[in-house]
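Here is final-v4.pdb, consisting of PDB, C-alpha atoms:
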ATOM      1  CA  MET A   1      67.094  91.252  98.430
ATOM      2  CA  PRO A   2      63.778  93.079  99.072
ATOM      3  CA  GLU A   3      61.886  92.024 102.222
ATOM      4  CA  GLU A   4      58.955  90.576 100.253
ATOM      5  CA  GLU A   5      61.253  88.459  98.074
ATOM      6  CA  ARG A   6      63.297  87.329 101.074
ATOM      7  CA  ALA A   7      60.151  86.156 102.887
ATOM      8  CA  ALA A   8      58.970  84.252  99.802
ATOM      9  CA  PHE A   9      62.429  82.673  99.513
ATOM     10  CA  GLU A  10      62.323  81.499 103.137
ATOM     11  CA  ARG A  11      58.810  80.041 102.680
ATOM     12  CA  HIS A  12      60.034  78.145  99.626
ATOM     13  CA  LEU A  13      63.032  76.746 101.533
ATOM     14  CA  ALA A  14      60.703  75.420 104.239
ATOM     15  CA  ARG A  15      58.941  73.124 101.753
ATOM     16  CA  CYS A  16      61.711  72.393  99.232
ATOM     17  CA  PRO A  17      64.374  69.976 100.586
ATOM     18  CA  ALA A  18      66.469  70.237  97.415
ATOM     19  CA  CYS A  19      66.826  74.022  97.667
ATOM     20  CA  ALA A  20      67.404  73.850 101.419
ATOM     21  CA  GLN A  21      70.210  71.365 100.817
ATOM     22  CA  GLU A  22      71.856  73.610  98.231
ATOM     23  CA  VAL A  23      71.638  76.639 100.527
ATOM     24  CA  ALA A  24      73.238  74.613 103.324
ATOM     25  CA  GLU A  25      76.055  73.628 100.948
ATOM     26  CA  PHE A  26      76.506  77.267  99.908
ATOM     27  CA  GLU A  27      76.733  78.289 103.574
ATOM     28  CA  ALA A  28      79.369  75.629 104.281
ATOM     29  CA  THR A  29      81.389  76.781 101.291
ATOM     30  CA  LEU A  30      81.022  80.402 102.377
ATOM     31  CA  SER A  31      82.303  79.507 105.830
ATOM     32  CA  ARG A  32      85.422  77.968 104.325
ATOM     33  CA  LEU A  33      85.914  81.002 102.088
ATOM     34  CA  GLY A  34      85.623  83.357 105.050
ATOM     35  CA  THR A  35      88.310  81.538 107.046
ATOM     36  CA  ALA A  36      90.715  81.137 104.147
ATOM     37  CA  GLU A  37      93.462  83.647 103.446
ATOM     38  CA  SER A  38      91.927  86.101 101.022
ATOM     39  CA  GLY A  39      93.473  87.830  98.065
ATOM     40  CA  ARG A  40      92.406  91.195  96.737
ATOM     41  CA  PRO A  41      89.781  90.579  94.002
ATOM     42  CA  SER A  42      90.076  92.434  90.733
ATOM     43  CA  PRO A  43      87.551  95.281  90.247
ATOM     44  CA  GLY A  44      85.588  93.362  87.569
ATOM     45  CA  LEU A  45      85.381  90.024  89.408
ATOM     46  CA  LYS A  46      82.047  90.575  91.157
ATOM     47  CA  ALA A  47      80.413  92.007  88.028
ATOM     48  CA  ALA A  48      81.622  89.067  85.930
ATOM     49  CA  VAL A  49      80.355  86.511  88.474
ATOM     50  CA  MET A  50      76.965  88.166  88.811
ATOM     51  CA  ALA A  51      76.589  88.450  85.033
ATOM     52  CA  GLY A  52      77.314  84.754  84.562
ATOM     53  CA  ILE A  53      75.050  83.363  87.283
ATOM     54  CA  GLY A  54      72.123  82.801  84.934
ATOM     55  CA  ASP A  55      74.260  80.699  82.601
ATOM     56  CA  VAL A  56      75.871  78.445  85.196
ATOM     57  CA  ARG A  57      74.480  74.907  85.331
ATOM     58  CA  GLN A  58      73.378  74.102  88.872
ATOM     59  CA  LEU A  59      72.688  70.384  88.290
ATOM     60  CA  PRO A  60      74.974  67.630  86.881
ATOM     61  CA  PRO A  61      74.525  66.685  83.198
ATOM     62  CA  LEU A  62      71.722  64.205  82.396
ATOM     63  CA  THR A  63      73.196  60.728  81.924
ATOM     64  CA  GLY A  64      70.233  58.360  81.466
ATOM     65  CA  PRO A  65      66.473  57.989  80.878
ATOM     66  CA  ALA A  66      65.678  58.218  84.581
ATOM     67  CA  GLU A  67      67.676  61.414  84.828
ATOM     68  CA  ARG A  68      65.981  62.961  81.785
ATOM     69  CA  GLY A  69      62.582  62.436  83.422
ATOM     70  CA  ARG A  70      63.514  64.727  86.272
ATOM     71  CA  ARG A  71      63.049  68.440  85.700
ATOM     72  CA  THR A  72      63.739  71.332  88.041
ATOM     73  CA  SER A  73      60.973  73.887  88.080
ATOM     74  CA  TRP A  74      61.685  77.516  87.191
ATOM     75  CA  PRO A  75      60.902  78.744  90.742
ATOM     76  CA  ALA A  76      63.365  76.247  92.224
ATOM     77  CA  ARG A  77      66.076  77.330  89.797
ATOM     78  CA  ARG A  78      65.294  80.966  90.590
ATOM     79  CA  TRP A  79      65.611  80.417  94.352
ATOM     80  CA  ARG A  80      68.902  78.590  93.878
ATOM     81  CA  GLU A  81      70.265  81.390  91.716
ATOM     82  CA  LEU A  82      69.233  83.936  94.339
ATOM     83  CA  ALA A  83      70.863  81.892  97.091
ATOM     84  CA  LEU A  84      74.082  81.567  95.108
ATOM     85  CA  ALA A  85      74.097  85.287  94.321
ATOM     86  CA  ALA A  86      73.614  86.185  97.985
ATOM     87  CA  CYS A  87      76.376  83.814  99.085
ATOM     88  CA  LEU A  88      78.793  85.119  96.458
ATOM     89  CA  ALA A  89      78.072  88.729  97.385
ATOM     90  CA  LEU A  90      78.651  87.947 101.067
ATOM     91  CA  ALA A  91      81.841  86.040 100.262
ATOM     92  CA  THR A  92      83.138  89.052  98.322
ATOM     93  CA  ALA A  93      82.368  91.344 101.269
ATOM     94  CA  LEU A  94      84.051  88.979 103.734
ATOM     95  CA  GLY A  95      87.083  88.770 101.472
ATOM     96  CA  ALA A  96      87.376  92.559 101.396
ATOM     97  CA  VAL A  97      87.164  92.700 105.201
ATOM     98  CA  ALA A  98      89.833  90.003 105.518
ATOM     99  CA  VAL A  99      92.143  91.917 103.170
ATOM    100  CA  GLN A 100      91.610  95.132 105.143
ATOM    101  CA  GLN A 101      92.339  93.374 108.443
ATOM    102  CA  HIS A 102      95.435  91.773 106.943
ATOM    103  CA  ASP A 103      96.697  95.168 105.736
ATOM    104  CA  GLN A 104      96.074  96.728 109.158
ATOM    105  CA  ALA A 105      97.949  93.906 110.891
ATOM    106  CA  GLN A 106     100.897  94.294 108.513
ATOM    107  CA  LEU A 107     100.954  98.064 109.137
ATOM    108  CA  ALA A 108     100.948  97.513 112.909
ATOM    109  CA  LEU A 109     103.813  95.027 112.587
ATOM    110  CA  ALA A 110     105.788  97.488 110.447
ATOM    111  CA  ARG A 111     105.291 100.272 113.022
ATOM    112  CA  ALA A 112     106.339  97.974 115.867
ATOM    113  CA  GLY A 113     109.444  96.971 113.914
ATOM    114  CA  ALA A 114     110.341 100.615 113.227
ATOM    115  CA  LEU A 115     109.937 101.449 116.929
ATOM    116  CA  ARG A 116     112.216  98.566 117.922
ATOM    117  CA  ASP A 117     114.830  99.738 115.416
ATOM    118  CA  GLN A 118     114.652 103.297 116.814
ATOM    119  CA  GLN A 119     114.992 102.080 120.387
ATOM    120  CA  ALA A 120     117.966  99.878 119.500
ATOM    121  CA  ALA A 121     119.691 102.737 117.642
ATOM    122  CA  VAL A 122     119.172 105.214 120.512
ATOM    123  CA  THR A 123     120.350 102.662 123.088
ATOM    124  CA  SER A 124     123.464 102.004 121.024
ATOM    125  CA  LEU A 125     124.158 105.734 120.780
ATOM    126  CA  LEU A 126     123.776 106.180 124.554
ATOM    127  CA  THR A 127     126.474 103.566 125.107
ATOM    128  CA  ALA A 128     129.003 105.247 122.783
ATOM    129  CA  PRO A 129     132.248 106.087 124.651
ATOM    130  CA  ASP A 130     131.977 109.797 123.777
ATOM    131  CA  ALA A 131     128.179 110.117 124.152
ATOM    132  CA  ARG A 132     127.009 113.470 125.520
ATOM    133  CA  THR A 133     123.559 114.799 126.395
ATOM    134  CA  THR A 134     121.811 118.127 126.774
ATOM    135  CA  THR A 135     118.266 118.816 128.009
ATOM    136  CA  ALA A 136     115.847 121.722 127.591
ATOM    137  CA  ALA A 137     112.220 122.416 128.550
ATOM    138  CA  SER A 138     109.436 124.277 126.750
ATOM    139  CA  GLY A 139     106.070 124.466 128.482
ATOM    140  CA  THR A 140     105.060 120.917 129.372
ATOM    141  CA  ALA A 141     107.674 119.392 127.046
ATOM    142  CA  VAL A 142     111.103 118.219 128.150
ATOM    143  CA  GLY A 143     113.514 117.255 125.393
ATOM    144  CA  THR A 144     116.945 115.635 125.445
ATOM    145  CA  VAL A 145     119.526 115.318 122.710
ATOM    146  CA  VAL A 146     122.196 112.627 122.920
ATOM    147  CA  TRP A 147     125.039 112.761 120.434
ATOM    148  CA  SER A 148     128.378 111.202 119.587
ATOM    149  CA  ALA A 149     130.910 113.226 117.622
ATOM    150  CA  GLY A 150     132.859 110.061 116.893
ATOM    151  CA  ARG A 151     129.845 108.413 115.288
ATOM    152  CA  GLY A 152     128.536 111.657 113.821
ATOM    153  CA  GLN A 153     125.058 110.775 115.135
ATOM    154  CA  ALA A 154     122.467 112.431 117.343
ATOM    155  CA  ALA A 155     119.116 111.340 118.751
ATOM    156  CA  PHE A 156     116.205 113.302 120.194
ATOM    157  CA  LEU A 157     113.984 112.120 123.069
ATOM    158  CA  VAL A 158     111.031 114.130 124.373
ATOM    159  CA  THR A 159     108.028 113.864 126.692
ATOM    160  CA  GLY A 160     105.025 116.139 127.157
ATOM    161  CA  MET A 161     104.810 117.505 123.601
ATOM    162  CA  PRO A 162     101.274 118.796 122.867
ATOM    163  CA  VAL A 163      99.209 116.758 120.429
ATOM    164  CA  LEU A 164      99.141 118.546 117.079
ATOM    165  CA  PRO A 165      96.038 119.081 114.942
ATOM    166  CA  ARG A 166      95.524 116.947 111.854
ATOM    167  CA  GLY A 167      97.836 117.945 109.026
ATOM    168  CA  GLN A 168     100.693 119.084 111.305
ATOM    169  CA  THR A 169     103.883 117.389 112.522
ATOM    170  CA  TYR A 170     106.996 118.107 114.576
ATOM    171  CA  GLU A 171     110.194 118.393 112.543
ATOM    172  CA  LEU A 172     113.761 118.180 113.850
ATOM    173  CA  TRP A 173     116.612 120.318 112.508
ATOM    174  CA  PHE A 174     120.377 120.518 112.789
ATOM    175  CA  SER A 175     121.439 124.109 113.485
ATOM    176  CA  ASP A 176     124.614 124.925 111.578
ATOM    177  CA  GLY A 177     125.174 128.313 113.181
ATOM    178  CA  GLY A 178     122.556 130.371 111.383
ATOM    179  CA  THR A 179     121.110 127.853 108.940
ATOM    180  CA  MET A 180     118.855 124.892 109.628
ATOM    181  CA  ARG A 181     118.860 121.576 107.759
ATOM    182  CA  PRO A 182     116.159 118.873 108.084
ATOM    183  CA  ALA A 183     116.937 116.033 110.490
ATOM    184  CA  GLY A 184     113.672 114.034 110.446
ATOM    185  CA  LEU A 185     110.033 114.027 111.539
ATOM    186  CA  LEU A 186     109.108 113.086 115.104
ATOM    187  CA  PRO A 187     106.716 110.091 115.079
ATOM    188  CA  ALA A 188     103.281 110.870 116.515
ATOM    189  CA  ASP A 189     103.086 107.659 118.570
ATOM    190  CA  HIS A 190     106.402 107.912 120.466
ATOM    191  CA  GLY A 191     108.825 110.672 121.391
ATOM    192  CA  GLN A 192     112.195 109.536 120.132
ATOM    193  CA  LEU A 193     114.053 109.808 116.848
ATOM    194  CA  LEU A 194     117.531 108.987 115.579
ATOM    195  CA  LEU A 195     118.222 112.149 113.604
ATOM    196  CA  THR A 196     118.720 111.867 109.857
ATOM    197  CA  GLY A 197     122.107 112.938 108.541
ATOM    198  CA  ASP A 198     125.561 113.473 110.036
ATOM    199  CA  ILE A 199     126.177 116.059 112.740
ATOM    200  CA  ASN A 200     128.855 117.665 110.515
ATOM    201  CA  GLY A 201     129.773 120.329 113.053
ATOM    202  CA  ALA A 202     126.186 121.329 113.926
ATOM    203  CA  VAL A 203     125.962 123.510 117.030
ATOM    204  CA  GLY A 204     122.386 122.667 118.012
ATOM    205  CA  VAL A 205     119.156 120.772 117.374
ATOM    206  CA  GLY A 206     115.821 122.547 116.947
ATOM    207  CA  VAL A 207     112.164 121.487 116.878
ATOM    208  CA  THR A 208     109.472 123.244 114.836
ATOM    209  CA  GLN A 209     105.848 122.664 113.964
ATOM    210  CA  GLU A 210     105.411 121.995 110.237
ATOM    211  CA  PRO A 211     102.792 120.735 107.760
ATOM    212  CA  SER A 212     102.546 116.948 107.390
ATOM    213  CA  GLY A 213     105.451 115.652 105.364
ATOM    214  CA  GLY A 214     107.789 118.323 106.698
ATOM    215  CA  SER A 215     109.353 121.405 105.141
ATOM    216  CA  ALA A 216     112.646 122.126 103.397
ATOM    217  CA  GLN A 217     113.147 125.145 105.683
ATOM    218  CA  PRO A 218     111.518 126.005 109.045
ATOM    219  CA  THR A 219     108.249 127.898 108.642
ATOM    220  CA  GLY A 220     108.317 129.327 112.169
ATOM    221  CA  GLN A 221     110.514 129.891 115.206
ATOM    222  CA  PRO A 222     111.876 126.783 116.976
ATOM    223  CA  LEU A 223     109.664 125.514 119.795
ATOM    224  CA  MET A 224     112.784 124.115 121.416
ATOM    225  CA  LEU A 225     116.513 124.582 120.699
ATOM    226  CA  LEU A 226     119.166 122.369 122.310
ATOM    227  CA  SER A 227     122.898 123.092 122.191
ATOM    228  CA  LEU A 228     125.461 120.542 120.962
ATOM    229  CA  THR A 229     128.422 122.406 122.456
TER     230      THR A 229
END
Will you turn the file into structure tokens for me?
Amino acid sequence: MPEEERAAFERHLARCPACAQEVAEFEATLSRLGTAESGRPSPGLKAAVMAGIGDVRQLPPLTGPAERGRRTSWPARRWRELALAACLALATALGAVAVQQHDQAQLALARAGALRDQQAAVTSLLTAPDARTTTAASGTAVGTVVWSAGRGQAAFLVTGMPVLPRGQTYELWFSDGGTMRPAGLLPADHGQLLLTGDINGAVGVGVTQEPSGGSAQPTGQPLMLLSLT
């Protein structure tokens, strides 16, 4: 709210125990909302709540003569409505933050799980009875391919690859003696990949720089080419 209105609201709270009590209750409720597991609110939720604030009864229904003699002044009702609106707006913001943090945590868990799966698959391939390896260097990068003809699988491990600009990725390819077929995209956060697809008589594995998402065919010369023979 504007600074002038906020200051007037705070002055009113200092001399109105009833409003101060309601604000304290709102804050306690807000604290519970902030620590609860949040769901993603629908786009119209905040607008609907804000539109209905003026129509929501803030006091219990009158039940007797003594109750009917008590009236809440318009300023007091106004301050309570403002307090409720502020608390609801803050609760909505906290809920959005909680959802974002939850999504980020789930993404991190998914990435960690994918990395564990890759490591387990590469380790299993290295222990295959007919596993073979070949290594090549290109600038600061050193890459190794391990493959098993019996399993029809190959994996690529590399260190020292330069960091690519945004919108670019490293793509792996099986070389079928003159033609290249996609074999997967190298993750940006670690240098190993169980290649996609069966070896099917491929004679080599190549690495190229491609646009994000990869390409159906290489768009440039291989940065590294490792033999499978």
**OP:** Please identify all polymer residues within 7 Å of A:Leu185, counting all atoms listed in the file, omitting same-chain residues fewer than 2 positions from it, and present them as a PyMOL selection string.
**Re:** chain A and resi 170-172+187+214
Original post:
To one decimal place, how far is atom CA of A:Val146 from atom CA of A:Gly177 in Å?
Top reply: 18.7 Å
**OP:** Return as a PyMOL selection string the set of residues that the PyMOL selection byres ((chain A and resi 163) around 12) yields on the displayed structure.
**Re:** chain A and resi 140-141+159-162+164-170+186-191+209
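The shell of residues at most 10 Å from A:Thr229, with all atoms listed in the file counted and near chain neighbours (fewer than 2 positions) removed, consists of Arg132, Thr133, Thr134, Gly201, Ala202, Val203, Gly204, Leu226 and Ser227 of chain A.
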**OP:** Could you jot down the atom CA of A:Ile199 to atom CA of A:Asp176 separation for me, Å, one decimal place?
**Re:** 9.1 Å
